[in-house]
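Everything below concerns the one structure shown next.
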Amino acid sequence: MADNWSRKKRSEVMGKVRSTGNKSTELKLIKILRQSNIKGWRRNQALPGRPDFIFRSRRVVIFVDGCFWHGCPLCYRRPKSNQAFWDEKVRKNKKRDETVNRELREKGWNVVRIWEHELKDPDSVAQRVFDALRD
């Protein structure tokens, strides 16, 4: 599908996309946690990578990764334009995720990463969180 905006307008729009507080994913996970009666989580804590959810007493952190921005192997669709930019952007995001995972695990945290598309199966997501909290 062709882009309806000019390069300048597209750049302006994309520049306004923030890297934190993605409501479409984080609010869905909050709903799943509440419906599953999973308590004790916090948000916006100062840890490497700024996890979306933290269970400090259980030393569990949860990231909800957008399928596009983090290059989901099932959902990611490479843009048709400016491919070199997007390839590099997604590659850097994946590398940063690996570095953050390693750093948190070295500090004794259990890291759980949930793909955006997995939120469509709330029972499965809740089970993964329960399992992580049990370990």
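To be explicit about the labels: the chains of the structure tokens are called A, B, and onward in the order shown, and within each one the residues are counted from 1, while ligands get numbers from 1 in the order they are shown.
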**Item:** All strand (DSSP E or B) positions in chain A, as a list in words
**Value:**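 Taking chain A and keeping strand (DSSP E or B) gives Arg42, Phe53, Ile54, Phe55, Val60, Val61, Ile62, Phe63, Val64, Asp65, Asn110, Val111, Val112, Arg113, Ile114 and Trp115 of chain A.
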**Message:** Need the shell around segment 66-77 of chain A: protein/DNA/RNA residues with any atom at most 10 Å away, counting only C-alpha atoms. Skip same-chain ones fewer than 2 positions apart. Format as a list in words?
**Reply:** Ser19, Asn22, Ser24, Thr25, Phe63, Val64, Pro79, Lys80, Trp86, Asp87, Lys89, Val90, Arg91, Lys92, Asn93, Lys94, Lys95, Arg96, Asp97, Ile114, Trp115, Glu116, His117 and Glu118 of chain A
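The closest residue to Ile62 of chain A, picked from A:Val100, A:Val111, A:Val13, A:Leu29 and counting only C-alpha atoms, is A:Val111.
Neighbouring residues of Asp3 of chain A at 12 Å or closer, counting only C-alpha atoms and skipping chain neighbours under 6 positions away, are Lys9, Arg10, Ser11, Pro79, Lys80, Ser81 and Asn82 of chain A.
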**All alpha helix (DSSP H) residues (DSSP, backbone) inside segment 6-117 of chain A, as a count of residues only** = 46
